[in-house]
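Coordinates as given in entry.cif (mmCIF, C-alpha atoms and all ligand atoms):
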data_run
#
loop_
_atom_site.label_atom_id
_atom_site.label_comp_id
_atom_site.auth_asym_id
_atom_site.auth_seq_id
_atom_site.Cartn_x
_atom_site.Cartn_y
_atom_site.Cartn_z
CA MET A 280 70.85 -96.97 -10.65
CA VAL A 281 73.24 -95.84 -13.36
CA GLY A 282 76.66 -94.78 -12.06
CA GLY A 283 78.44 -96.13 -9.02
CA GLY A 284 80.00 -92.86 -7.84
CA LEU A 285 77.60 -91.15 -5.48
CA GLY A 286 74.87 -93.32 -7.02
CA SER A 287 76.04 -96.25 -4.91
CA ARG A 288 74.79 -94.36 -1.85
CA MET A 289 71.29 -94.26 -3.35
CA ALA A 290 71.55 -97.98 -4.16
CA GLU A 291 72.59 -98.71 -0.57
CA VAL A 292 69.69 -96.77 0.92
CA LEU A 293 67.05 -98.29 -1.39
CA ALA A 294 68.40 -101.83 -1.00
CA SER A 295 68.37 -101.40 2.79
CA GLU A 296 64.63 -100.65 2.50
CA GLY A 297 64.18 -104.05 0.85
CA PHE A 298 63.85 -102.97 -2.79
CA ARG A 299 65.50 -104.79 -5.70
CA VAL A 300 68.25 -102.52 -6.95
CA ALA A 301 70.60 -103.03 -9.89
CA LEU A 302 73.62 -100.72 -9.87
CA TYR A 303 75.29 -100.30 -13.27
CA GLU A 304 78.87 -99.07 -13.29
CA LYS A 305 80.68 -99.09 -16.60
CA ASN A 306 84.13 -98.57 -15.12
CA PRO A 307 84.37 -100.43 -11.80
CA LYS A 308 88.17 -100.10 -11.67
CA ARG A 309 88.14 -96.37 -12.31
CA HIS A 310 90.51 -93.96 -10.63
CA VAL A 311 88.44 -90.98 -9.42
CA VAL A 312 89.93 -87.65 -10.46
CA CYS A 313 88.83 -85.33 -7.66
CA GLY A 314 90.32 -83.15 -4.94
CA GLY A 315 88.19 -84.97 -2.36
CA LEU A 316 87.71 -81.81 -0.29
CA VAL A 317 84.50 -81.70 1.75
CA SER A 318 83.31 -79.47 4.56
CA ASN A 319 83.12 -80.76 8.10
CA GLU A 320 79.31 -80.42 7.81
CA THR A 321 79.40 -82.97 4.97
CA LEU A 322 80.99 -85.48 7.33
CA LEU A 323 78.53 -84.68 10.11
CA GLU A 324 75.61 -85.25 7.72
CA ASN A 325 77.16 -88.40 6.24
CA PRO A 326 79.07 -90.15 9.04
CA PHE A 327 79.84 -93.13 6.76
CA LEU A 328 82.33 -90.83 4.96
CA GLU A 329 84.57 -90.65 8.04
CA GLU A 330 86.10 -93.94 6.98
CA TYR A 331 87.51 -92.27 3.86
CA ALA A 332 88.71 -89.02 5.50
CA VAL A 333 92.50 -89.00 5.28
CA HIS A 334 93.52 -85.45 6.08
CA ARG A 335 92.25 -82.52 8.16
CA ILE A 336 92.03 -79.01 6.69
CA ASP A 337 92.18 -75.89 8.87
CA GLY A 338 91.40 -73.12 6.39
CA ALA A 339 92.34 -71.53 3.10
CA VAL A 340 94.70 -69.00 1.62
CA ILE A 341 93.05 -67.06 -1.19
CA THR A 342 95.08 -64.90 -3.57
CA ALA A 343 94.24 -62.54 -6.42
CA GLY A 344 96.20 -59.74 -8.05
CA GLU A 345 99.09 -60.00 -5.56
CA LYS A 346 96.78 -59.74 -2.56
CA GLU A 347 96.32 -62.58 -0.10
CA LEU A 348 93.75 -63.51 2.51
CA ALA A 349 94.19 -66.37 4.99
CA VAL A 350 91.01 -67.68 6.62
CA GLU A 351 91.59 -70.27 9.33
CA ARG A 352 89.44 -72.57 11.44
CA ARG A 353 90.63 -75.92 12.76
CA GLY A 354 88.88 -78.91 11.18
CA VAL A 355 86.74 -76.82 8.81
CA ALA A 356 87.11 -79.45 6.07
CA TRP A 357 88.50 -82.89 5.28
CA VAL A 358 90.12 -84.60 2.36
CA LEU A 359 88.58 -87.91 1.33
CA ASP A 360 90.39 -90.75 -0.39
CA ARG A 361 88.15 -90.83 -3.45
CA ASP A 362 89.31 -94.19 -4.79
CA GLU A 363 88.68 -95.85 -1.42
CA MET A 364 85.34 -94.06 -1.21
CA PHE A 365 84.29 -95.21 -4.70
CA ARG A 366 85.05 -98.86 -4.00
CA GLY A 367 83.91 -98.74 -0.37
CA MET A 368 80.52 -97.25 -1.23
CA ILE A 369 79.86 -99.88 -3.90
CA GLU A 370 80.73 -102.57 -1.35
CA ARG A 371 78.30 -101.03 1.13
CA ALA A 372 75.53 -101.06 -1.50
CA VAL A 373 76.23 -104.70 -2.34
CA ALA A 374 76.27 -105.63 1.36
CA GLU A 375 72.69 -104.28 1.57
CA GLY A 376 71.59 -106.53 -1.29
CA THR A 377 72.20 -104.37 -4.40
CA THR A 378 72.98 -106.34 -7.56
CA PHE A 379 76.15 -104.85 -8.99
CA VAL A 380 76.33 -104.87 -12.80
CA PRO A 381 79.87 -103.97 -13.91
CA ARG A 382 78.99 -102.66 -17.37
CA ALA A 383 77.41 -99.72 -19.13
CA TRP A 384 73.68 -99.27 -18.80
CA LYS A 385 71.89 -99.19 -22.14
CA ASN A 386 68.49 -97.73 -22.73
CA ASN A 387 66.89 -101.15 -23.20
CA THR A 388 66.38 -102.30 -19.62
CA GLU A 389 63.06 -102.20 -17.83
CA GLN A 390 62.79 -100.70 -14.42
CA ARG A 391 60.17 -99.10 -12.25
CA VAL A 392 62.50 -96.21 -11.47
CA LEU A 393 65.62 -95.14 -13.34
CA VAL A 394 68.18 -93.04 -11.46
CA GLY A 395 70.80 -91.22 -13.51
CA ALA A 396 73.91 -90.77 -11.38
CA ASP A 397 76.10 -91.12 -14.44
CA GLY A 398 78.18 -88.01 -13.99
CA ALA A 399 78.85 -84.75 -15.80
CA THR A 400 78.33 -86.11 -19.31
CA SER A 401 75.22 -88.04 -18.31
CA SER A 402 73.43 -89.90 -21.10
CA ILE A 403 70.28 -89.94 -18.95
CA ARG A 404 70.08 -86.15 -18.54
CA PRO A 405 68.71 -85.64 -22.09
CA LEU A 406 65.85 -88.06 -21.27
CA VAL A 407 64.82 -85.68 -18.47
CA THR A 408 65.50 -82.14 -19.64
CA GLU A 409 66.58 -80.08 -22.62
CA GLU A 410 68.55 -77.75 -20.33
CA ARG A 411 72.25 -77.91 -21.04
CA ALA A 412 75.01 -77.99 -18.49
CA THR A 413 78.15 -75.95 -19.14
CA LEU A 414 81.21 -78.04 -18.42
CA LEU A 415 84.67 -76.92 -17.45
CA LEU A 416 87.82 -78.95 -17.34
CA GLY A 417 89.28 -79.73 -13.92
CA TYR A 418 92.95 -80.54 -14.48
CA GLN A 419 95.08 -81.61 -11.55
CA ALA A 420 98.25 -83.43 -10.57
CA GLU A 421 99.68 -84.87 -7.39
CA ILE A 422 102.71 -82.84 -6.31
CA SER A 423 105.11 -82.75 -3.40
CA TRP A 424 104.10 -79.94 -1.04
CA LYS A 425 106.30 -78.31 1.53
CA GLU A 426 104.01 -75.45 2.60
CA ASP A 427 101.45 -75.59 5.42
CA ASP A 428 99.73 -78.89 4.81
CA HIS A 429 96.50 -78.04 6.61
CA LEU A 430 95.61 -75.04 4.44
CA VAL A 431 94.13 -75.26 0.97
CA ARG A 432 95.03 -72.60 -1.60
CA VAL A 433 92.72 -70.82 -4.01
CA ASP A 434 94.66 -68.71 -6.52
CA PHE A 435 92.98 -66.50 -9.10
CA GLY A 436 95.38 -65.79 -11.95
CA PRO A 437 96.14 -66.10 -15.66
CA TRP A 438 96.45 -69.91 -15.51
CA SER A 439 92.70 -70.20 -15.34
CA ASP A 440 90.31 -68.33 -17.64
CA VAL A 441 87.02 -68.98 -15.81
CA PHE A 442 88.02 -70.45 -12.48
CA PHE A 443 91.09 -70.58 -10.25
CA GLY A 444 94.06 -72.71 -9.31
CA TRP A 445 93.88 -74.81 -6.16
CA VAL A 446 96.07 -76.81 -3.86
CA ILE A 447 94.51 -79.43 -1.61
CA PRO A 448 97.09 -80.94 0.77
CA LEU A 449 96.94 -84.68 1.27
CA GLY A 450 99.37 -84.81 4.22
CA ASN A 451 102.81 -86.43 4.27
CA GLY A 452 104.24 -83.73 2.02
CA ARG A 453 101.84 -84.42 -0.86
CA ALA A 454 99.03 -82.36 -2.39
CA HIS A 455 96.73 -82.13 -5.37
CA ALA A 456 97.28 -78.96 -7.37
CA GLY A 457 94.86 -78.14 -10.14
CA ILE A 458 93.23 -75.54 -12.32
CA GLY A 459 89.77 -75.11 -13.79
CA LEU A 460 89.48 -74.12 -17.44
CA SER A 461 86.78 -73.45 -19.99
CA LEU A 462 86.60 -76.20 -22.61
CA ASN A 463 87.78 -73.59 -25.19
CA ALA A 464 91.08 -73.30 -23.30
CA SER A 465 91.38 -77.02 -22.59
CA GLY A 466 94.00 -77.48 -25.36
CA GLU A 467 96.33 -75.34 -23.24
CA ALA A 468 95.67 -77.26 -20.02
CA ARG A 469 99.17 -78.68 -19.65
CA GLU A 470 100.93 -75.34 -20.20
CA ARG A 471 98.54 -73.51 -17.93
CA LEU A 472 98.97 -76.03 -15.13
CA ARG A 473 102.73 -75.67 -15.56
CA SER A 474 102.43 -71.89 -15.18
CA TYR A 475 100.36 -72.37 -12.03
CA LEU A 476 102.89 -74.82 -10.57
CA LYS A 477 105.65 -72.34 -11.36
CA PHE A 478 103.71 -69.67 -9.49
CA LEU A 479 103.56 -72.07 -6.53
CA GLY A 480 107.29 -72.75 -6.81
CA VAL A 481 106.69 -76.44 -7.52
CA LYS A 482 108.96 -78.41 -9.87
CA THR A 483 106.99 -79.54 -12.89
CA ARG A 484 109.13 -82.52 -13.86
CA ARG A 485 107.45 -85.87 -13.27
CA VAL A 486 103.97 -84.50 -12.57
CA ARG A 487 101.26 -86.53 -14.26
CA PRO A 488 98.18 -84.36 -14.68
CA GLU A 489 94.71 -85.81 -15.11
CA GLY A 490 91.61 -84.02 -16.30
CA ARG A 491 87.86 -84.54 -15.98
CA VAL A 492 84.93 -82.31 -16.73
CA ILE A 493 82.91 -80.63 -13.99
CA PRO A 494 79.44 -79.16 -14.56
CA VAL A 495 79.72 -75.49 -13.61
CA SER A 496 76.45 -74.08 -14.65
CA ARG A 497 73.21 -72.50 -13.71
CA PRO A 498 71.41 -75.23 -11.76
CA LEU A 499 68.88 -77.32 -13.69
CA ARG A 500 65.21 -76.58 -13.13
CA ARG A 501 64.09 -80.06 -14.08
CA VAL A 502 65.76 -83.13 -12.61
CA THR A 503 62.94 -85.68 -12.98
CA ARG A 504 60.62 -86.82 -15.72
CA GLU A 505 58.04 -89.55 -15.16
CA ASN A 506 59.97 -92.38 -13.47
CA ILE A 507 63.46 -91.00 -14.22
CA LEU A 508 65.43 -88.98 -11.69
CA LEU A 509 68.87 -87.36 -11.83
CA VAL A 510 71.33 -86.84 -8.96
CA GLY A 511 74.95 -85.75 -8.57
CA ASP A 512 76.91 -84.32 -11.49
CA ALA A 513 74.26 -85.69 -13.87
CA ALA A 514 71.83 -83.23 -12.24
CA VAL A 515 74.43 -80.41 -11.93
CA HIS A 516 74.35 -80.78 -8.15
CA THR A 517 77.78 -79.13 -8.09
CA LYS A 518 78.68 -75.84 -6.44
CA ALA A 519 79.54 -73.60 -9.38
CA SER A 520 81.66 -71.48 -7.03
CA THR A 521 84.23 -74.26 -6.46
CA GLY A 522 83.18 -77.25 -8.59
CA GLY A 523 82.63 -79.31 -5.41
CA GLY A 524 79.92 -81.90 -6.02
CA ILE A 525 80.05 -84.35 -3.14
CA ARG A 526 77.96 -82.41 -0.59
CA PHE A 527 75.03 -81.47 -2.82
CA GLY A 528 75.10 -84.82 -4.64
CA LEU A 529 74.68 -86.61 -1.31
CA LYS A 530 72.08 -84.10 -0.17
CA ALA A 531 70.09 -84.78 -3.34
CA ILE A 532 70.22 -88.52 -2.62
CA HIS A 533 69.10 -87.86 0.96
CA TYR A 534 65.98 -86.09 -0.38
CA ALA A 535 65.37 -88.31 -3.41
CA ALA A 536 65.56 -91.73 -1.73
CA PRO A 537 62.38 -91.30 0.38
CA VAL A 538 60.49 -90.09 -2.72
CA ILE A 539 61.45 -93.30 -4.52
CA VAL A 540 60.59 -95.40 -1.46
CA ARG A 541 57.11 -93.81 -1.35
CA TYR A 542 56.60 -94.27 -5.08
CA LEU A 543 57.61 -97.95 -5.00
CA GLY A 544 55.32 -98.37 -2.01
CA GLY A 545 52.43 -97.11 -4.16
CA GLU A 546 52.29 -93.50 -2.93
CA GLY A 547 53.14 -90.31 -4.80
CA LYS A 548 55.23 -89.76 -7.87
CA VAL A 549 58.94 -89.65 -8.68
CA GLU A 550 58.37 -86.11 -9.99
CA GLU A 551 57.81 -84.96 -6.39
CA PHE A 552 61.58 -84.79 -6.20
CA ASN A 553 61.56 -81.93 -8.68
CA ARG A 554 59.59 -79.81 -6.21
CA ILE A 555 61.95 -80.74 -3.37
CA HIS A 556 64.97 -80.00 -5.56
CA GLY A 557 63.44 -76.58 -6.34
CA ARG A 558 62.98 -75.83 -2.66
CA GLU A 559 66.00 -77.43 -0.96
CA LEU A 560 68.81 -77.45 -3.53
CA TYR A 561 68.11 -75.02 -6.37
CA PRO A 562 68.28 -71.76 -4.33
CA SER A 563 71.67 -72.63 -2.78
CA LEU A 564 73.07 -73.89 -6.07
CA LYS A 565 71.95 -70.68 -7.72
CA LEU A 566 73.86 -68.62 -5.17
CA HIS A 567 76.98 -70.67 -5.92
CA TRP A 568 76.36 -69.92 -9.59
CA ALA A 569 76.14 -66.21 -8.68
CA VAL A 570 79.52 -66.42 -6.94
CA HIS A 571 81.01 -68.06 -10.05
CA ARG A 572 79.52 -65.37 -12.29
CA PHE A 573 80.71 -62.69 -9.91
CA TYR A 574 84.39 -63.65 -9.77
CA ASN A 575 84.43 -63.98 -13.55
CA SER A 576 82.86 -60.56 -14.05
CA VAL A 577 85.52 -58.58 -12.15
CA SER A 578 89.23 -58.22 -12.82
CA ARG A 579 91.74 -60.13 -10.70
CA GLU A 580 92.95 -56.73 -9.39
CA GLU A 581 89.44 -55.89 -8.21
CA LEU A 582 89.17 -59.33 -6.58
CA GLY A 583 92.47 -58.55 -4.84
CA LYS A 584 91.01 -55.29 -3.54
CA ILE A 585 88.03 -57.22 -2.16
CA LEU A 586 90.44 -59.56 -0.34
CA GLU A 587 92.21 -56.50 1.07
CA TRP A 588 88.88 -55.05 2.18
CA ALA A 589 88.00 -58.39 3.87
CA GLU A 590 91.15 -58.12 5.98
CA GLU A 591 90.70 -54.46 6.89
CA SER A 592 86.95 -54.51 7.53
CA GLY A 593 86.90 -57.46 9.93
CA PHE A 594 85.08 -59.62 7.37
CA ARG A 595 87.84 -62.23 7.62
CA GLU A 596 87.15 -62.75 11.35
CA ARG A 597 83.48 -63.17 10.58
CA LEU A 598 84.33 -65.76 7.92
CA GLU A 599 86.54 -67.62 10.36
CA LYS A 600 83.80 -67.75 12.98
CA GLU A 601 80.65 -68.26 10.92
CA GLY A 602 81.47 -68.85 7.26
CA GLN A 603 80.48 -72.20 5.77
CA MET A 604 82.04 -73.20 2.50
CA ASP A 605 78.83 -74.81 1.19
CA ASP A 606 76.46 -72.04 2.21
CA VAL A 607 76.84 -68.75 0.36
CA ARG A 608 74.18 -67.16 2.57
CA SER A 609 76.49 -67.51 5.58
CA LEU A 610 78.91 -65.16 3.78
CA LEU A 611 76.43 -62.54 2.62
CA THR A 612 76.74 -59.86 5.29
CA PRO A 613 75.33 -56.35 4.70
CA SER A 614 78.89 -54.96 4.63
CA LEU A 615 79.92 -57.40 1.89
CA ILE A 616 76.81 -56.59 -0.14
CA VAL A 617 77.66 -52.87 0.07
CA ARG A 618 81.31 -53.56 -0.87
CA ILE A 619 80.48 -55.62 -3.96
CA GLY A 620 77.12 -53.99 -4.70
CA ALA A 621 77.99 -52.17 -7.92
CA HIS A 622 79.68 -55.24 -9.39
CA ALA A 623 76.94 -57.59 -8.23
CA LEU A 624 74.30 -55.44 -9.94
CA ARG A 625 75.91 -56.20 -13.29
CA ILE A 626 75.22 -59.93 -12.99
CA LEU A 627 71.79 -59.53 -11.39
CA PRO A 628 69.73 -59.81 -14.61
CA GLU A 629 71.29 -63.19 -15.37
CA LEU A 630 70.36 -64.51 -11.96
CA LEU A 631 66.72 -63.56 -12.04
C1 LIG I 701 89.71 -82.26 -10.93
C2 LIG I 701 88.47 -82.33 -10.09
C3 LIG I 701 88.53 -81.99 -8.73
C4 LIG I 701 87.38 -82.06 -7.94
N1 LIG I 701 87.48 -81.76 -6.62
C5 LIG I 701 86.40 -81.86 -5.82
C6 LIG I 701 86.50 -81.62 -4.44
O1 LIG I 701 87.58 -81.32 -3.92
N2 LIG I 701 85.38 -81.72 -3.67
C7 LIG I 701 84.16 -82.07 -4.22
O2 LIG I 701 83.16 -82.11 -3.50
N3 LIG I 701 84.04 -82.33 -5.53
C8 LIG I 701 85.13 -82.24 -6.35
N4 LIG I 701 85.02 -82.53 -7.67
C9 LIG I 701 83.71 -82.91 -8.21
C10 LIG I 701 83.36 -84.35 -7.80
O3 LIG I 701 84.40 -85.21 -8.21
C11 LIG I 701 82.05 -84.75 -8.47
O4 LIG I 701 81.07 -83.77 -8.20
C12 LIG I 701 81.57 -86.09 -7.94
O5 LIG I 701 82.51 -87.10 -8.22
C13 LIG I 701 80.26 -86.42 -8.64
O6 LIG I 701 79.90 -87.72 -8.38
P1 LIG I 701 78.85 -88.45 -9.34
O7 LIG I 701 78.67 -89.78 -8.77
O8 LIG I 701 77.67 -87.58 -9.59
O9 LIG I 701 79.60 -88.54 -10.75
P2 LIG I 701 80.89 -89.37 -11.10
O10 LIG I 701 81.85 -89.41 -9.97
O11 LIG I 701 81.37 -88.86 -12.42
O12 LIG I 701 80.33 -90.85 -11.27
C14 LIG I 701 79.56 -91.22 -12.37
C15 LIG I 701 79.75 -92.71 -12.57
O13 LIG I 701 78.86 -93.16 -13.58
C16 LIG I 701 79.52 -94.12 -14.38
N5 LIG I 701 78.79 -94.13 -15.66
C17 LIG I 701 78.64 -93.14 -16.56
N6 LIG I 701 77.85 -93.52 -17.57
C18 LIG I 701 77.49 -94.80 -17.30
C19 LIG I 701 76.65 -95.76 -17.98
N7 LIG I 701 76.03 -95.46 -19.14
N8 LIG I 701 76.49 -96.98 -17.42
C20 LIG I 701 77.10 -97.30 -16.24
N9 LIG I 701 77.89 -96.44 -15.56
C21 LIG I 701 78.06 -95.20 -16.09
C22 LIG I 701 80.95 -93.60 -14.46
O14 LIG I 701 81.88 -94.63 -14.80
C23 LIG I 701 81.17 -93.06 -13.05
O15 LIG I 701 81.71 -94.02 -12.18
C24 LIG I 701 86.14 -82.46 -8.50
C25 LIG I 701 86.08 -82.83 -9.86
C26 LIG I 701 87.23 -82.77 -10.64
C27 LIG I 701 87.14 -83.17 -12.08
#

Translate this structure into structure tokens?
Ligand SMILES: Cc1cc2nc3c(=O)[nH]c(=O)nc-3n(C[C@H](O)[C@H](O)[C@H](O)COP(=O)(O)OP(=O)(O)OC[C@H]3O[C@@H](n4cnc5c(N)ncnc54)[C@H](O)[C@@H]3O)c2cc1C
Amino acid sequence: MVGGGLGSRMAEVLASEGFRVALYEKNPKRHVVCGGLVSNETLLENPFLEEYAVHRIDGAVITAGEKELAVERRGVAWVLDRDEMFRGMIERAVAEGTTFVPRAWKNNTEQRVLVGADGATSSIRPLVTEERATLLLGYQAEISWKEDDHLVRVDFGPWSDVFFGWVIPLGNGRAHAGIGLSLNASGEARERLRSYLKFLGVKTRRVRPEGRVIPVSRPLRRVTRENILLVGDAAVHTKASTGGGIRFGLKAIHYAAPVIVRYLGGEGKVEEFNRIHGRELYPSLKLHWAVHRFYNSVSREELGKILEWAEESGFRERLEKEGQMDDVRSLLTPSLIVRIGAHALRILPELL
């Protein structure tokens, strides 16, 4: 296992099945730069995460072009303490018998299976596929936050060229505020974050922003080759709509672990995971990619009009009752398709 972020979960599962697992982590003391926001479904699927959940989220306020939409449902999401989660998950893997190797993996070890969970700039990805992942910069800072601390914010505006600004409350008057940027605009990250914080009415003195890349890309078609398998950001298991990678990274591990168990037990091949990825993960990830392409293909004013339509048409109520932040299909109602149809047609060729 290379990478002790979500990769430690894979190590834990395989070690608990009695296999010899070595988990390489080149930066065991790392501070994880992440908003830590996950849907309630993520917690239901992965109850071990409850230990790291520090704050409840009851909905989102979305703004674009001076229009605003508030979508609320109690307990729709949670904020995880990512540093606690990183260390806690490695401890869990070690408790199951994983050998923890606190240094960088080099391509000179021998293993029956190699799992690349080495993040967005994976050095294992090129061993598996020639497909390239587009990266964007996620740039965020911890701020003091006096607004509703159970609602996240998603703000489309000039601070972000290909994404949006976000606020994820942490409770106790604190929040993470961040922006996503193309790498071309990354030199302006500090100024752009300042302009977003100004928009929020937050004082910019004493904020200490931190940035990390996020793969926001068309999903990969190939995530295995021979005995090598990719999961998490290394495999672009991130939702291109929001940059969230925890849910799909863990889902990938959930599907990949039994494939490895079978292979090590003498049945099947590691490459079976590619088929499962194509069936269980790729279609959803592609829809998230479509959402990303969509909001970048229309003006912020047009996005604002769509928010206004959502309020007037009753779409907001539907979102509040049935919408799931990880599942684009739950949002695709016939009325929405008609409303965005002409715009959506423009990006269709890219998605096919
Ligand atoms: C600003 C920002 C905000 C985000 N907010 C959210 C959010 O709110 N919700 C959400 O779901 N996702 C969010 N994400 C994305 C989320 O953080 C990632 O999808 C998730 O951390 C991916 O986990 P991973 O284990 O695949 O990769 P990583 O967390 O990057 O872990 C990879 C690990 O591999 C190690 N490594 C790399 N190379 C080697 C090597 N050669 N040898 C040994 N070790 C190696 C690294 O040190 C690292 O610990 C955010 C990301 C950013 C940047």

Identify, counting all atoms listed in the file, the protein, DNA and RNA residues located within 6 Å of ligand LIG 701 (chain I), and give them as number ranges by chain.
A: 281-286, 303-306, 312-317, 382-384, 396-399, 417-419, 490-493, 511-513, 517, 522-526

Once you add 5 Å to each side, what are the centre and edge lengths of the axis-aligned box holding all listed atoms of segment 372-377 of chain A? One decimal in Å, as AutoDock Vina command-line options, if you can.
--center_x 73.9 --center_y -103.8 --center_z -1.4 --size_x 14.7 --size_y 15.5 --size_z 16.0

Just give me the gap between atom CA of Lys346 of chain A and atom CA of Ser609 of chain A in Å, one decimal is fine.
23.2 Å

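Each of A:Ala519, A:Val549, A:Val510, A:Leu472 was compared to Ile458 of chain A using only C-alpha atoms, and A:Leu472 turns out to be the nearest.
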
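Computed from the coordinates, the atom CA of Glu546 of chain A to atom CA of Glu324 of chain A distance equals 26.9 Å.
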
Choose the residue, out of A:Met368, A:Ala589, A:Ala349, A:Ala454, that has the smallest atom-to-atom separation from His334 of chain A; count only C-alpha atoms.
A:Ala454

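Shortest separation to Trp445 of chain A among A:Leu406, A:Val350, A:Ile341, A:Arg504 occurs at residue A:Ile341, atoms counted being only C-alpha atoms.
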
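Nearest to Thr413 of chain A of all the residues A:Val607, A:Val515, A:Leu476, A:Ile539 is A:Val515, counting all atoms listed in the file.
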
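Nearest to Gly602 of chain A of all the residues A:Glu426, A:Glu590, A:Glu351, A:Glu467 is A:Glu351, counting all atoms listed in the file.
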
Exercise: segment 325-331 of chain A partners within 12 Å, all atoms listed in the file, chain neighbours under 2 positions left out, as number ranges by chain
A: 285, 288, 291, 315-323, 333-335, 356-368, 371, 525-530, 532-533

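For the choices A:Val538, A:Ala339, A:Ala372, A:Leu416, the atom-to-atom distance to Val300 of chain A is smallest for A:Ala372 when using all atoms listed in the file.
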
How many Å separate atom CA of His567 of chain A from atom CA of Arg473 of chain A?
27.9 Å

I'd like the neighbourhood of Arg541 of chain A as a ChimeraX atom specification, where a residue qualifies if any of its atoms comes within 12 Å (using all atoms listed in the file), though same-chain residues fewer than 6 positions away should be ignored.
/A:293,296,298,392,534-535,547-552

Just want the 12 Å neighbourhood of Ser614 of chain A, counted on all atoms listed in the file, with same-chain residues fewer than 4 positions away dropped. Output as a JSON list (two decimals) with C-alpha atoms, in the coordinates of the input.
[["chain", "number", "residue", "atom", "x", "y", "z"],
["A", 585, "ILE", "CA", 88.03, -57.22, -2.16],
["A", 588, "TRP", "CA", 88.88, -55.05, 2.18],
["A", 589, "ALA", "CA", 88.00, -58.39, 3.87],
["A", 592, "SER", "CA", 86.95, -54.51, 7.53],
["A", 593, "GLY", "CA", 86.90, -57.46, 9.93],
["A", 594, "PHE", "CA", 85.08, -59.62, 7.37],
["A", 595, "ARG", "CA", 87.84, -62.23, 7.62],
["A", 597, "ARG", "CA", 83.48, -63.17, 10.58],
["A", 610, "LEU", "CA", 78.91, -65.16, 3.78],
["A", 618, "ARG", "CA", 81.31, -53.56, -0.87],
["A", 619, "ILE", "CA", 80.48, -55.62, -3.96],
["A", 620, "GLY", "CA", 77.12, -53.99, -4.70]]

Applying 12 Å and all atoms listed in the file, which residues near Glu345 of chain A remain after dropping the ones on its own chain fewer than 2 positions away? List them as a PyMOL selection string.
chain A and resi 341-343+347-348+434-436+478+579-587

Skip Phe379 of chain A itself and residues of its chain fewer than 6 positions away, then list as a list in words all residues within 7 Å of it, counting only C-alpha atoms.
Ala301, Leu302, Tyr303 and Val373 of chain A

Could you pull out every residue with an atom within 7 Å of (97.0, -80.2, 5.8), file coordinates, counting all atoms listed in the file, and send them as a list in words?
His334, Arg335, Ile336, Asp427, Asp428, His429, Leu430, Pro448, Leu449 and Gly450 of chain A

Kindly provide, as a PyMOL selection string, the polymer residues lying within 7 Å of (61.7, -78.3, -11.3), counting all atoms listed in the file and using the coordinates exactly as they appear in the file.
chain A and resi 500-502+553-554+556-557

With N, CA and C atoms as the atom set, please write segment 375-386 of chain A from the structure just given, as an mmCIF file, in the first residue's frame.
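Full text of part-v6.cif as output:
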data_model
loop_
_atom_site.group_PDB
_atom_site.id
_atom_site.type_symbol
_atom_site.label_atom_id
_atom_site.label_comp_id
_atom_site.auth_asym_id
_atom_site.auth_seq_id
_atom_site.Cartn_x
_atom_site.Cartn_y
_atom_site.Cartn_z
ATOM 1 N N GLU A 375 -4.499 -3.994 13.136
ATOM 2 C CA GLU A 375 -4.895 -5.243 12.446
ATOM 3 C C GLU A 375 -3.690 -6.037 11.960
ATOM 4 N N GLY A 376 -2.476 -5.495 12.170
ATOM 5 C CA GLY A 376 -1.279 -6.257 11.785
ATOM 6 C C GLY A 376 -0.511 -5.675 10.606
ATOM 7 N N THR A 377 -0.933 -4.520 10.083
ATOM 8 C CA THR A 377 -0.195 -3.874 8.983
ATOM 9 C C THR A 377 1.176 -3.430 9.478
ATOM 10 N N THR A 378 2.200 -3.614 8.639
ATOM 11 C CA THR A 378 3.519 -3.059 8.952
ATOM 12 C C THR A 378 3.569 -1.641 8.402
ATOM 13 N N PHE A 379 3.769 -0.685 9.278
ATOM 14 C CA PHE A 379 3.787 0.710 8.837
ATOM 15 C C PHE A 379 5.224 1.107 8.496
ATOM 16 N N VAL A 380 5.426 1.627 7.296
ATOM 17 C CA VAL A 380 6.773 2.027 6.856
ATOM 18 C C VAL A 380 6.756 3.547 6.637
ATOM 19 N N PRO A 381 7.322 4.310 7.580
ATOM 20 C CA PRO A 381 7.175 5.767 7.499
ATOM 21 C C PRO A 381 8.163 6.412 6.535
ATOM 22 N N ARG A 382 8.149 5.984 5.300
ATOM 23 C CA ARG A 382 9.021 6.628 4.294
ATOM 24 C C ARG A 382 8.418 6.435 2.911
ATOM 25 N N ALA A 383 9.032 7.113 1.949
ATOM 26 C CA ALA A 383 8.504 7.057 0.573
ATOM 27 C C ALA A 383 8.714 5.673 -0.026
ATOM 28 N N TRP A 384 7.718 5.208 -0.725
ATOM 29 C CA TRP A 384 7.861 3.961 -1.477
ATOM 30 C C TRP A 384 8.671 4.253 -2.729
ATOM 31 N N LYS A 385 9.597 3.341 -3.042
ATOM 32 C CA LYS A 385 10.364 3.484 -4.290
ATOM 33 C C LYS A 385 10.055 2.266 -5.142
ATOM 34 N N ASN A 386 10.198 2.448 -6.414
ATOM 35 C CA ASN A 386 9.816 1.378 -7.329
ATOM 36 C C ASN A 386 10.869 0.265 -7.360
#
